[in-house]
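Novice: To be precise about what I am sending: the file is called protein_3.cif and holds mmCIF, C-alpha atoms and all ligand atoms.
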data_coords
loop_
_atom_site.label_atom_id
_atom_site.label_comp_id
_atom_site.auth_asym_id
_atom_site.auth_seq_id
_atom_site.Cartn_x
_atom_site.Cartn_y
_atom_site.Cartn_z
CA MET A 1 2.88 6.65 30.86
CA THR A 2 3.18 8.38 27.49
CA PRO A 3 3.59 6.04 24.49
CA ARG A 4 6.75 5.79 22.45
CA LEU A 5 6.02 6.77 18.84
CA ILE A 6 8.06 5.86 15.78
CA ILE A 7 7.18 7.67 12.55
CA VAL A 8 8.04 5.37 9.65
CA ILE A 9 8.93 7.16 6.42
CA PRO A 10 9.81 5.29 3.19
CA CYS A 11 12.25 7.16 0.94
CA TYR A 12 13.23 6.35 -2.61
CA ASN A 13 15.39 8.85 -4.49
CA GLU A 14 14.18 11.73 -2.35
CA GLN A 15 17.29 13.90 -2.08
CA GLU A 16 15.34 16.99 -3.17
CA VAL A 17 12.47 16.72 -0.74
CA LEU A 18 14.06 15.09 2.30
CA PRO A 19 16.05 18.15 3.46
CA VAL A 20 12.79 20.16 3.24
CA THR A 21 10.47 17.76 5.04
CA ALA A 22 12.82 16.24 7.65
CA PRO A 23 12.83 19.43 9.80
CA MET A 24 9.02 19.55 9.53
CA PHE A 25 8.71 15.99 10.81
CA LEU A 26 11.13 16.78 13.63
CA GLU A 27 9.17 19.88 14.60
CA LYS A 28 5.98 17.83 14.72
CA LEU A 29 7.65 15.13 16.82
CA THR A 30 9.15 17.55 19.33
CA GLY A 31 5.80 19.37 19.47
CA LEU A 32 4.05 16.13 20.40
CA ILE A 33 6.78 15.39 22.97
CA SER A 34 6.46 18.79 24.63
CA ALA A 35 2.67 18.42 24.65
CA GLU A 36 3.40 15.24 26.63
CA LYS A 37 1.39 13.11 24.24
CA ILE A 38 4.34 10.88 23.37
CA SER A 39 7.52 9.97 25.21
CA ASP A 40 10.83 11.74 24.80
CA ASP A 41 12.50 8.71 23.21
CA SER A 42 10.11 8.78 20.24
CA ARG A 43 11.81 8.61 16.87
CA ILE A 44 11.53 9.39 13.16
CA MET A 45 12.64 6.33 11.20
CA PHE A 46 13.57 6.78 7.55
CA VAL A 47 13.55 3.64 5.44
CA ASN A 48 15.86 4.03 2.48
CA ASP A 49 14.40 1.86 -0.27
CA GLY A 50 17.58 1.29 -2.26
CA SER A 51 17.84 4.88 -3.50
CA LYS A 52 20.30 5.59 -6.28
CA ASP A 53 20.89 9.20 -5.26
CA SER A 54 22.25 10.64 -2.00
CA THR A 55 19.12 9.87 0.07
CA TRP A 56 20.96 7.48 2.42
CA GLU A 57 23.80 9.96 2.98
CA ILE A 58 21.21 12.59 3.92
CA ILE A 59 19.56 10.14 6.34
CA GLU A 60 22.93 9.32 7.93
CA ARG A 61 23.71 13.00 8.28
CA LEU A 62 20.33 13.72 9.86
CA SER A 63 20.78 10.89 12.36
CA LYS A 64 24.09 12.37 13.43
CA GLU A 65 22.60 15.84 13.80
CA ASP A 66 19.65 14.86 15.95
CA GLU A 67 19.08 11.71 17.98
CA HIS A 68 15.38 11.74 17.10
CA PHE A 69 16.26 10.73 13.54
CA ILE A 70 17.11 7.10 12.88
CA GLY A 71 17.38 5.25 9.61
CA ILE A 72 17.46 1.80 8.11
CA SER A 73 18.44 0.93 4.59
CA GLN A 74 17.09 -1.83 2.40
CA SER A 75 19.64 -3.86 0.48
CA ARG A 76 17.92 -2.81 -2.79
CA ASN A 77 14.77 -1.16 -4.10
CA ARG A 78 11.72 -3.28 -3.30
CA GLY A 79 8.91 -0.79 -3.68
CA HIS A 80 6.91 1.46 -1.39
CA GLN A 81 4.83 -1.24 0.32
CA ASN A 82 7.84 -3.37 1.24
CA ALA A 83 9.71 -0.31 2.48
CA VAL A 84 6.83 0.60 4.79
CA LEU A 85 6.61 -3.01 6.00
CA ALA A 86 10.36 -3.10 6.71
CA GLY A 87 10.04 0.02 8.85
CA LEU A 88 6.95 -1.20 10.70
CA MET A 89 8.49 -4.59 11.47
CA GLU A 90 11.70 -2.92 12.60
CA ALA A 91 9.74 -0.59 14.86
CA LYS A 92 7.21 -3.02 16.31
CA ASP A 93 9.37 -4.31 19.15
CA ILE A 94 10.83 -0.98 20.16
CA CYS A 95 7.79 1.28 20.37
CA ASP A 96 4.12 1.50 21.38
CA ILE A 97 2.78 3.18 18.26
CA THR A 98 3.87 3.78 14.67
CA ILE A 99 2.68 6.30 12.13
CA SER A 100 3.56 5.61 8.50
CA ILE A 101 3.69 8.59 6.16
CA ASP A 102 5.31 9.45 2.80
CA CYS A 103 8.34 11.66 2.88
CA ASP A 104 7.20 14.20 0.28
CA GLY A 105 5.10 16.40 2.56
CA GLN A 106 1.86 15.65 0.70
CA ASP A 107 0.10 14.31 3.76
CA ASP A 108 -0.70 16.91 6.42
CA ILE A 109 1.52 16.12 9.42
CA ASN A 110 -0.84 18.05 11.69
CA ALA A 111 -3.26 15.11 11.50
CA MET A 112 -0.78 13.23 13.72
CA ASP A 113 -2.06 15.07 16.80
CA LYS A 114 -5.55 13.74 16.21
CA MET A 115 -4.19 10.29 15.43
CA VAL A 116 -2.34 10.12 18.74
CA ASP A 117 -5.42 11.46 20.56
CA GLU A 118 -7.51 8.67 19.03
CA TYR A 119 -4.90 6.14 20.15
CA LEU A 120 -4.93 7.55 23.67
CA GLY A 121 -8.73 7.29 23.48
CA GLY A 122 -8.46 3.54 22.87
CA CYS A 123 -8.11 3.01 19.09
CA GLU A 124 -5.41 0.64 17.86
CA ILE A 125 -5.50 1.68 14.18
CA VAL A 126 -6.20 5.22 12.96
CA TYR A 127 -6.59 5.68 9.19
CA GLY A 128 -5.60 9.01 7.68
CA VAL A 129 -8.30 9.84 5.13
CA ARG A 130 -8.13 12.63 2.57
CA SER A 131 -11.07 14.93 3.03
CA SER A 132 -10.94 16.27 -0.52
CA ARG A 133 -8.91 16.00 -3.67
CA LYS A 134 -8.88 19.68 -4.58
CA THR A 135 -5.14 19.79 -5.22
CA ASP A 136 -5.23 16.83 -7.62
CA THR A 137 -5.54 17.19 -11.35
CA PHE A 138 -8.90 16.11 -12.78
CA PHE A 139 -7.19 13.07 -14.27
CA LYS A 140 -5.54 11.93 -11.02
CA ARG A 141 -8.77 12.53 -9.09
CA THR A 142 -10.97 10.45 -11.40
CA THR A 143 -8.46 7.62 -11.77
CA ALA A 144 -7.89 7.50 -8.01
CA GLN A 145 -11.60 7.47 -7.23
CA GLY A 146 -12.17 4.79 -9.86
CA PHE A 147 -9.41 2.83 -8.12
CA TYR A 148 -11.27 2.69 -4.78
CA LYS A 149 -14.62 1.93 -6.44
CA LEU A 150 -13.02 -0.89 -8.43
CA LEU A 151 -11.32 -2.33 -5.34
CA ASN A 152 -14.48 -2.32 -3.28
CA SER A 153 -16.67 -3.72 -6.05
CA MET A 154 -14.14 -6.53 -6.43
CA GLY A 155 -14.39 -7.47 -2.79
CA ALA A 156 -11.21 -5.89 -1.42
CA GLU A 157 -12.10 -4.04 1.76
CA VAL A 158 -10.32 -0.69 1.76
CA VAL A 159 -11.01 2.57 3.55
CA TYR A 160 -12.12 5.12 0.94
CA ASN A 161 -9.47 7.75 0.16
CA HIS A 162 -7.01 6.27 2.64
CA ALA A 163 -3.51 5.63 1.35
CA ASP A 164 -0.69 4.60 3.66
CA TYR A 165 -0.83 7.42 6.19
CA ARG A 166 -1.95 5.64 9.35
CA LEU A 167 -1.27 5.07 13.01
CA VAL A 168 -0.87 1.45 14.04
CA SER A 169 -0.15 0.25 17.56
CA SER A 170 2.61 -2.25 18.23
CA ARG A 171 -0.04 -4.64 19.53
CA VAL A 172 -1.64 -4.70 16.06
CA LEU A 173 1.79 -4.99 14.43
CA GLN A 174 2.61 -8.08 16.51
CA GLU A 175 -0.49 -9.73 15.02
CA PHE A 176 0.19 -8.27 11.59
CA ALA A 177 3.60 -9.97 11.58
CA ASN A 178 1.70 -13.26 11.15
CA PHE A 179 0.39 -12.13 7.75
CA LYS A 180 3.16 -13.77 5.75
CA GLU A 181 2.15 -12.88 2.19
CA VAL A 182 4.76 -11.38 -0.13
CA ASN A 183 2.25 -9.58 -2.37
CA LEU A 184 1.64 -6.61 -0.14
CA PHE A 185 -1.30 -4.26 -0.18
CA LEU A 186 -1.06 -2.81 3.29
CA ARG A 187 -4.14 -0.57 3.22
CA GLY A 188 -6.30 -3.59 2.43
CA MET A 189 -4.53 -5.88 4.91
CA PHE A 190 -4.78 -3.79 8.07
CA PRO A 191 -8.62 -3.86 8.14
CA LEU A 192 -8.27 -7.67 8.17
CA VAL A 193 -6.32 -7.58 11.44
CA GLY A 194 -9.30 -6.06 13.20
CA PHE A 195 -9.09 -4.22 16.57
CA LYS A 196 -10.75 -0.91 17.31
CA SER A 197 -10.11 1.57 14.52
CA THR A 198 -11.20 4.98 13.35
CA SER A 199 -10.42 7.59 10.70
CA VAL A 200 -8.92 11.05 10.89
CA TYR A 201 -9.51 13.49 8.01
CA TYR A 202 -6.89 15.76 6.48
CA GLU A 203 -6.16 17.80 3.37
CA ARG A 204 -3.57 16.42 0.99
CA ASN A 205 -1.18 18.90 -0.60
CA GLU A 206 1.08 18.98 -3.62
CA ARG A 207 4.45 17.27 -3.38
CA LEU A 208 6.90 19.79 -1.86
CA ALA A 209 9.76 18.83 -4.20
CA GLY A 210 10.90 16.01 -6.46
CA LYS A 211 8.47 14.01 -8.53
CA SER A 212 5.93 11.21 -8.04
CA HIS A 213 6.95 7.58 -8.38
CA TYR A 214 3.36 6.54 -9.02
CA PRO A 215 2.36 7.10 -12.65
CA LEU A 216 -0.94 5.67 -13.93
CA SER A 217 0.71 2.38 -14.92
CA LYS A 218 1.91 1.78 -11.34
CA MET A 219 -1.52 2.82 -9.96
CA LEU A 220 -3.20 0.26 -12.20
CA GLY A 221 -0.63 -2.30 -11.08
CA LEU A 222 -1.37 -1.53 -7.44
CA ALA A 223 -5.14 -1.77 -8.06
CA PHE A 224 -4.76 -5.13 -9.74
CA ASP A 225 -2.45 -6.33 -6.98
CA GLY A 226 -4.96 -5.16 -4.41
CA ILE A 227 -7.80 -7.07 -6.03
CA THR A 228 -5.92 -10.28 -6.64
CA SER A 229 -4.23 -10.22 -3.23
CA LEU A 230 -7.41 -9.66 -1.27
CA SER A 231 -10.21 -11.33 -3.15
CA ILE A 232 -10.98 -14.25 -5.44
CA LYS A 233 -13.99 -12.47 -6.90
CA PRO A 234 -12.48 -12.33 -10.42
CA ILE A 235 -12.26 -16.13 -10.44
CA LYS A 236 -15.90 -16.35 -9.37
CA MET A 237 -16.87 -13.85 -12.07
CA ILE A 238 -15.08 -15.93 -14.68
CA MET A 239 -17.02 -18.96 -13.52
CA GLY A 240 -20.29 -17.01 -13.82
CA LEU A 241 -19.32 -15.73 -17.26
CA GLY A 242 -18.35 -19.23 -18.33
CA LEU A 243 -21.72 -20.51 -17.20
CA VAL A 244 -23.65 -17.81 -19.09
CA ILE A 245 -21.63 -18.40 -22.24
CA ALA A 246 -22.08 -22.15 -21.92
CA ILE A 247 -25.87 -21.71 -21.72
CA LEU A 248 -25.86 -19.32 -24.70
CA SER A 249 -23.72 -21.76 -26.68
CA PHE A 250 -26.09 -24.58 -25.87
CA ILE A 251 -29.02 -22.54 -27.17
CA GLY A 252 -26.91 -21.66 -30.22
CA VAL A 253 -26.24 -25.33 -30.91
CA ILE A 254 -29.95 -26.19 -30.76
CA TRP A 255 -30.68 -23.26 -33.05
CA ALA A 256 -28.00 -24.39 -35.53
CA VAL A 257 -29.27 -27.95 -35.56
CA VAL A 258 -32.89 -26.86 -35.98
CA THR A 259 -32.08 -24.49 -38.88
CA HIS A 260 -29.99 -27.25 -40.45
CA PHE A 261 -32.93 -29.66 -40.46
CA LEU A 262 -35.22 -26.95 -41.78
CA GLY A 263 -32.88 -26.84 -44.75
CA SER A 264 -32.10 -23.14 -44.56
CA THR A 265 -28.38 -23.39 -43.79
CA ALA A 266 -26.20 -20.52 -44.93
CA SER A 267 -22.53 -20.95 -45.78
CA GLY A 268 -21.87 -20.48 -42.06
CA TRP A 269 -18.39 -19.09 -42.40
CA ALA A 270 -18.99 -15.71 -40.75
CA SER A 271 -20.82 -17.06 -37.74
CA THR A 272 -18.17 -19.72 -37.17
CA ILE A 273 -15.38 -17.19 -37.23
CA CYS A 274 -17.33 -14.89 -34.89
CA ILE A 275 -17.86 -17.62 -32.36
CA ILE A 276 -14.25 -18.77 -32.49
CA CYS A 277 -12.98 -15.24 -32.05
CA PHE A 278 -15.36 -14.45 -29.22
CA LEU A 279 -14.69 -17.62 -27.30
CA SER A 280 -10.94 -17.55 -27.76
CA GLY A 281 -10.95 -13.96 -26.57
CA ILE A 282 -12.88 -14.79 -23.44
CA GLN A 283 -10.71 -17.82 -22.85
CA LEU A 284 -7.52 -15.87 -23.16
CA ILE A 285 -8.67 -13.19 -20.72
CA SER A 286 -9.79 -15.83 -18.28
CA ILE A 287 -6.56 -17.78 -18.53
CA GLY A 288 -4.71 -14.51 -18.02
CA VAL A 289 -6.58 -13.70 -14.82
CA ILE A 290 -6.17 -17.22 -13.48
CA GLY A 291 -2.53 -17.02 -14.48
CA GLN A 292 -2.15 -13.96 -12.27
CA TYR A 293 -3.33 -15.94 -9.29
CA ILE A 294 -1.05 -18.82 -10.14
CA GLY A 295 1.78 -16.33 -10.46
CA LYS A 296 0.99 -15.09 -6.99
CA ILE A 297 0.85 -18.60 -5.57
CA TYR A 298 4.23 -19.15 -7.19
CA MET A 299 5.64 -16.07 -5.47
CA GLU A 300 4.03 -16.99 -2.14
CA VAL A 301 5.30 -20.58 -2.01
CA LYS A 302 8.85 -19.37 -2.42
CA GLN A 303 8.53 -17.57 0.91
CA ARG A 304 11.29 -15.19 0.03
CA PRO A 305 12.04 -12.47 2.55
CA ARG A 306 9.93 -9.39 1.99
CA TYR A 307 12.67 -7.02 2.99
CA ILE A 308 16.35 -7.17 3.83
CA ILE A 309 17.91 -4.48 5.97
CA SER A 310 21.52 -3.87 5.06
CA GLU A 311 22.37 -0.87 7.24
CA ARG A 312 21.18 0.97 10.31
CA THR A 313 22.11 4.36 11.68
CA TYR A 314 21.85 2.89 15.18
CA GLU A 315 22.46 -0.34 17.08
CA LYS A 316 19.19 -2.22 17.23
CA LYS A 317 20.12 -4.28 20.30
CA HIS A 318 21.08 -1.19 22.22
CA ASP A 319 17.70 0.33 21.38
CA GLU A 320 15.69 -2.71 22.42
CA GLU A 321 16.73 -2.78 26.05
N1 LIG A 401 8.75 5.09 -2.39
C1 LIG A 401 9.53 4.01 -1.96
N2 LIG A 401 9.92 3.06 -2.87
C2 LIG A 401 9.57 3.13 -4.19
C3 LIG A 401 8.74 4.21 -4.61
C4 LIG A 401 8.34 5.18 -3.68
O1 LIG A 401 9.87 3.91 -0.78
O2 LIG A 401 9.96 2.25 -4.96
C5 LIG A 401 8.31 6.10 -1.39
C6 LIG A 401 8.58 7.55 -1.80
O3 LIG A 401 9.86 7.96 -1.41
C7 LIG A 401 7.49 8.30 -1.04
C8 LIG A 401 6.35 7.30 -1.01
O4 LIG A 401 6.92 6.03 -1.28
O5 LIG A 401 7.86 8.58 0.30
C9 LIG A 401 5.25 7.63 -1.99
O6 LIG A 401 5.77 7.82 -3.27
P1 LIG A 401 5.32 9.01 -4.22
O7 LIG A 401 5.21 10.28 -3.45
O8 LIG A 401 6.25 9.02 -5.38
O9 LIG A 401 3.87 8.52 -4.70
P2 LIG A 401 2.52 9.41 -4.85
O10 LIG A 401 2.36 10.22 -3.60
O11 LIG A 401 2.73 10.28 -6.05
O12 LIG A 401 1.43 8.41 -5.04
MG MG A 402 3.64 11.50 -2.94
#
With the file now loaded, output its structure as structure tokens.

Specialist:
Amino acid sequence: MTPRLIIVIPCYNEQEVLPVTAPMFLEKLTGLISAEKISDDSRIMFVNDGSKDSTWEIIERLSKEDEHFIGISQSRNRGHQNAVLAGLMEAKDICDITISIDCDGQDDINAMDKMVDEYLGGCEIVYGVRSSRKTDTFFKRTTAQGFYKLLNSMGAEVVYNHADYRLVSSRVLQEFANFKEVNLFLRGMFPLVGFKSTSVYYERNERLAGKSHYPLSKMLGLAFDGITSLSIKPIKMIMGLGLVIAILSFIGVIWAVVTHFLGSTASGWASTICIICFLSGIQLISIGVIGQYIGKIYMEVKQRPRYIISERTYEKKHDEE
């Protein structure tokens, strides 16, 4: 039996690009259906992430035009990761496999063929990996590569050059539903679920229309979120640093006492100020990092819902039968 595929596509203020890419996604889906790789009731699910423009109206129109398009809408903007999660959780009970992909046409949809082939060959997760970054600016390329290096050196296990273009089976999603954290970093969380996985390589293009929602500040935010959500290495590093500084201070104290008794004490003002500044600086950074973790614990203990679906273009019950 051919598997039922749902392509999950987060959309935030994408009225320019959606009319361009939606037909491309549909063509890919119908191509896969006619190649008998996926079943005829496969779907393209748009997740409207609280867009302020006409994105939802476009999704509603598309779903009326072709039954392969379906859409859900979040009650407000919650960010890319939550939008993808909402779509995956919505899809997990009504399909066999999901593929998450951005709606801007940057990721090569032709990689989906290989992804489905890998699934049919027994893999439960297939990561879409960019084979090169030729189309990126030098700045984006270096910052993005630094991002992966930083994540891995900090103990967060991520697939190099993989963003959120991936195939995940519903079996994996059922297990993934037990990962209850609200600070989401999906690309680092899926490797933790396990199961047989592989990578498929593709070229990433320029955005077809509209503009990016991920400036450097958001990238840095995502990197920091990734590290603090997946590893406690920064806390361990602070402990190590604290230890080294404590040893140095101890030596410094002995040195100060010895020079005092030798009678060669200087006024001591400069060195005192230096030490105070240095230590208070280190302390502040450390408290800041620890504060980030406490902030996350605070968010986690609230156990607020990670997404709220306010509208659907279809009846979910009807679809589940
Ligand atoms: N997106 C979203 N919610 C947001 C921001 C972005 O659902 O708050 C979606 C957006 O519509 C797109 C995907 O996430 O489909 C990736 O965003 P974008 O292309 O702006 O990021 P980039 O590719 O530049 O990193
Ligand atoms: Mg993009």

Novice: Counting only C-alpha atoms and all ligand atoms, which residue out of A:Met299, A:Leu192, A:Leu32, A:Met219 sits closest to ligand LIG 401 (chain A)?

Specialist: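 Closest to ligand LIG 401 (chain A) of all the choices is A:Met219.
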
Novice: Quick one: distance from CA of Gly210 in chain A to CA of Glu16 in chain A in Å, one decimal?

Specialist: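 Those two atoms sit 5.6 Å apart.
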
Novice: Counting all atoms listed in the file, which residues in chain A sit no more than 9 Å from ligand MG 402 (chain A)? For each one, give the nearest pair of atoms and the distance in Å, sorted by chain then residue number, as CSV.

Specialist:
residue,atom,partner,partner_atom,distance
A:Asp102,CA,A:MG402,MG,6.3
A:Cys103,CA,A:MG402,MG,7.5
A:Asp104,CA,A:MG402,MG,5.5
A:Gly105,CA,A:MG402,MG,7.5
A:Gln106,CA,A:MG402,MG,5.8
A:Asp107,CA,A:MG402,MG,8.1
A:Glu206,CA,A:MG402,MG,7.9
A:Arg207,CA,A:MG402,MG,5.8
A:Leu208,CA,A:MG402,MG,9.0
A:Lys211,CA,A:MG402,MG,7.8
A:Ser212,CA,A:MG402,MG,5.6
A:His213,CA,A:MG402,MG,7.5
A:Tyr214,CA,A:MG402,MG,7.9

Novice: Listing only residues of chain A within 10 Å of ligand LIG 401 (chain A), what is the closest atom pair and its distance in Å (to one decimal) for each, using all atoms listed in the file, sorted by chain and residue number ascending, as a Markdown table?

Specialist:
| residue | atom | partner | partner_atom | distance |
| --- | --- | --- | --- | --- |
| A:Val8 | CA | A:LIG401 | O5 | 9.9 |
| A:Ile9 | CA | A:LIG401 | O5 | 6.4 |
| A:Pro10 | CA | A:LIG401 | O1 | 4.2 |
| A:Cys11 | CA | A:LIG401 | O3 | 3.4 |
| A:Tyr12 | CA | A:LIG401 | O3 | 3.9 |
| A:Asn13 | CA | A:LIG401 | O3 | 6.4 |
| A:Glu14 | CA | A:LIG401 | O3 | 5.8 |
| A:Gln15 | CA | A:LIG401 | O3 | 9.5 |
| A:Val17 | CA | A:LIG401 | O3 | 9.2 |
| A:Leu18 | CA | A:LIG401 | O3 | 9.1 |
| A:Phe46 | CA | A:LIG401 | O5 | 9.4 |
| A:Val47 | CA | A:LIG401 | O1 | 7.2 |
| A:Asn48 | CA | A:LIG401 | O1 | 6.8 |
| A:Asp49 | CA | A:LIG401 | O1 | 5.0 |
| A:Gly50 | CA | A:LIG401 | N2 | 7.9 |
| A:Ser51 | CA | A:LIG401 | N2 | 8.2 |
| A:Thr55 | CA | A:LIG401 | O3 | 9.6 |
| A:Gln74 | CA | A:LIG401 | O1 | 9.8 |
| A:Arg76 | CA | A:LIG401 | O2 | 9.7 |
| A:Asn77 | CA | A:LIG401 | O2 | 6.0 |
| A:Arg78 | CA | A:LIG401 | O2 | 6.0 |
| A:Gly79 | CA | A:LIG401 | O2 | 3.5 |
| A:His80 | CA | A:LIG401 | C1 | 3.7 |
| A:Gln81 | CA | A:LIG401 | O1 | 7.3 |
| A:Asn82 | CA | A:LIG401 | O1 | 7.8 |
| A:Ala83 | CA | A:LIG401 | O1 | 5.3 |
| A:Val84 | CA | A:LIG401 | O1 | 7.2 |
| A:Ser100 | CA | A:LIG401 | O5 | 9.7 |
| A:Ile101 | CA | A:LIG401 | O5 | 7.2 |
| A:Asp102 | CA | A:LIG401 | O5 | 3.7 |
| A:Cys103 | CA | A:LIG401 | O5 | 4.0 |
| A:Asp104 | CA | A:LIG401 | O5 | 5.7 |
| A:Gly105 | CA | A:LIG401 | O7 | 8.6 |
| A:Gln106 | CA | A:LIG401 | O10 | 6.9 |
| A:Asp107 | CA | A:LIG401 | O10 | 8.7 |
| A:Lys140 | CA | A:LIG401 | O11 | 9.8 |
| A:Ala144 | CA | A:LIG401 | O12 | 9.8 |
| A:Ala163 | CA | A:LIG401 | O12 | 8.5 |
| A:Asp164 | CA | A:LIG401 | C9 | 8.7 |
| A:Arg204 | CA | A:LIG401 | O10 | 9.7 |
| A:Asn205 | CA | A:LIG401 | O10 | 9.8 |
| A:Glu206 | CA | A:LIG401 | O10 | 8.9 |
| A:Arg207 | CA | A:LIG401 | O7 | 7.0 |
| A:Leu208 | CA | A:LIG401 | O7 | 9.8 |
| A:Ala209 | CA | A:LIG401 | O7 | 9.7 |
| A:Gly210 | CA | A:LIG401 | O8 | 8.5 |
| A:Lys211 | CA | A:LIG401 | O8 | 6.3 |
| A:Ser212 | CA | A:LIG401 | O8 | 3.5 |
| A:His213 | CA | A:LIG401 | O8 | 3.4 |
| A:Tyr214 | CA | A:LIG401 | O9 | 4.8 |
| A:Pro215 | CA | A:LIG401 | O11 | 7.3 |
| A:Leu216 | CA | A:LIG401 | O12 | 9.6 |
| A:Lys218 | CA | A:LIG401 | O12 | 9.2 |
| A:Met219 | CA | A:LIG401 | O12 | 8.0 |

Novice: Which one of A:Leu151, A:Ile287, A:Leu248, A:Leu167 sits closest to Phe224 in chain A if you count only C-alpha atoms?

Specialist: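 For Phe224 in chain A, the nearest of the given residues is A:Leu151.
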
Novice: Which residues of range 9-88 of chain A have any atom within 6 Å of an atom in range 307-311 of chain A when counting all atoms listed in the file, and what is the closest pair of atoms for each, with the distance in Å to one decimal? Order the rows by chain and rising number and write it as a tab-separated table.

Specialist:
residue	atom	partner	partner_atom	distance
A:Ile72	CA	A:Glu311	CA	5.7
A:Ser73	CA	A:Glu311	CA	5.1
A:Gln74	CA	A:Ile309	CA	4.5
A:Ser75	CA	A:Ser310	CA	5.0
A:Ala86	CA	A:Tyr307	CA	5.9

Novice: Would you mind telling me which residue in A:Cys123, A:Met154, A:Ile97, A:Ile227 lies nearest to Ser199 in chain A when using all atoms listed in the file?

Specialist: A:Cys123

Novice: Could you check the closest approach to Arg4 in chain A for each of A:Leu62, A:Val126, A:Ile94, A:Ala177 and tell me which residue wins, using all atoms listed in the file?

Specialist: A:Ile94

Novice: Find the residues near Ile7 in chain A: any atom within 8 Å, counting all atoms listed in the file, skip ones fewer than 4 places away on the same chain, and give them as a list in words.

Specialist: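 The neighbour list is Arg43, Ile44, Met45, Thr98, Ile99, Ser100 and Ile101 of chain A.
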
Novice: Between CA of Lys114 in chain A and CA of Thr137 in chain A, what is the distance, to one decimal in Å?

Specialist: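 Here the two named atoms are 27.8 Å from each other.
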
Novice: Which one is closest to Tyr201 in chain A: A:Pro305, A:Gly128, A:Gly281, A:Gly288? Count all atoms listed in the file.

Specialist: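 Answer, going by the shortest atom-to-atom distance: A:Gly128.
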
Novice: Nearest to Leu88 in chain A: which of A:Ser63, A:Ala22, A:Glu57, A:Ser169 is it, counting all atoms listed in the file?

Specialist: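 Nearest to Leu88 in chain A: A:Ser169.
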
Novice: Figure out the distance between CA of Val193 in chain A and CA of Gln292 in chain A, please, to one decimal in Å.

Specialist: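 It comes out at 24.9 Å.
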
Novice: Please check which residues have atoms at most 10 Å from (1.5, -1.9, 19.9) in the file's coordinates, counting only C-alpha atoms, and write them as a list in words.

Specialist: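 Here the neighbourhood of the point contains Pro3, Arg4, Leu5, Ala91, Lys92, Asp93, Ile94, Cys95, Asp96, Ile97, Thr98, Glu124, Ile125, Val168, Ser169, Ser170, Arg171, Val172, Leu173, Gln174 and Glu175 of chain A.
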
Novice: May I have the protein, DNA and RNA residues with an atom at most 10 Å from (-14.1, -14.1, -14.1), counting only C-alpha atoms in the file's coordinates, returned as an mmCIF file with C-alpha atoms, in the coordinates of the input?

Specialist:
data_model
loop_
_atom_site.group_PDB
_atom_site.id
_atom_site.type_symbol
_atom_site.label_atom_id
_atom_site.label_comp_id
_atom_site.auth_asym_id
_atom_site.auth_seq_id
_atom_site.Cartn_x
_atom_site.Cartn_y
_atom_site.Cartn_z
ATOM 1 C CA ILE A 232 -10.980 -14.250 -5.440
ATOM 2 C CA LYS A 233 -13.990 -12.470 -6.900
ATOM 3 C CA PRO A 234 -12.480 -12.330 -10.420
ATOM 4 C CA ILE A 235 -12.260 -16.130 -10.440
ATOM 5 C CA LYS A 236 -15.900 -16.350 -9.370
ATOM 6 C CA MET A 237 -16.870 -13.850 -12.070
ATOM 7 C CA ILE A 238 -15.080 -15.930 -14.680
ATOM 8 C CA MET A 239 -17.020 -18.960 -13.520
ATOM 9 C CA GLY A 240 -20.290 -17.010 -13.820
ATOM 10 C CA LEU A 241 -19.320 -15.730 -17.260
ATOM 11 C CA GLY A 242 -18.350 -19.230 -18.330
ATOM 12 C CA ILE A 282 -12.880 -14.790 -23.440
ATOM 13 C CA ILE A 285 -8.670 -13.190 -20.720
ATOM 14 C CA SER A 286 -9.790 -15.830 -18.280
ATOM 15 C CA ILE A 287 -6.560 -17.780 -18.530
ATOM 16 C CA VAL A 289 -6.580 -13.700 -14.820
ATOM 17 C CA ILE A 290 -6.170 -17.220 -13.480
#

Novice: Generate the missing atoms of range 134-139 of chain A up to N, CA, C and O atoms and report them as a compact mmCIF listing (two decimals), in the coordinates of the input.

Specialist:
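Output below, filename rebuild_31.txt:
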# COMPACT_ATOMS: atom_id res chain seq x y z
N LYS A 134 -8.91 18.39 -3.86
CA LYS A 134 -8.88 19.68 -4.58
C LYS A 134 -7.56 19.91 -5.29
O LYS A 134 -7.51 20.45 -6.37
N THR A 135 -6.45 19.48 -4.65
CA THR A 135 -5.14 19.79 -5.22
C THR A 135 -4.75 18.83 -6.35
O THR A 135 -3.76 19.05 -7.02
N ASP A 136 -5.54 17.78 -6.55
CA ASP A 136 -5.23 16.83 -7.62
C ASP A 136 -5.68 17.36 -8.97
O ASP A 136 -6.62 18.13 -9.06
N THR A 137 -5.04 16.89 -10.01
CA THR A 137 -5.54 17.19 -11.35
C THR A 137 -6.81 16.37 -11.55
O THR A 137 -7.03 15.37 -10.86
N PHE A 138 -7.64 16.82 -12.50
CA PHE A 138 -8.90 16.11 -12.78
C PHE A 138 -8.61 14.64 -13.09
O PHE A 138 -9.29 13.73 -12.60
N PHE A 139 -7.55 14.42 -13.85
CA PHE A 139 -7.19 13.07 -14.27
C PHE A 139 -6.84 12.18 -13.08
O PHE A 139 -7.37 11.10 -12.92
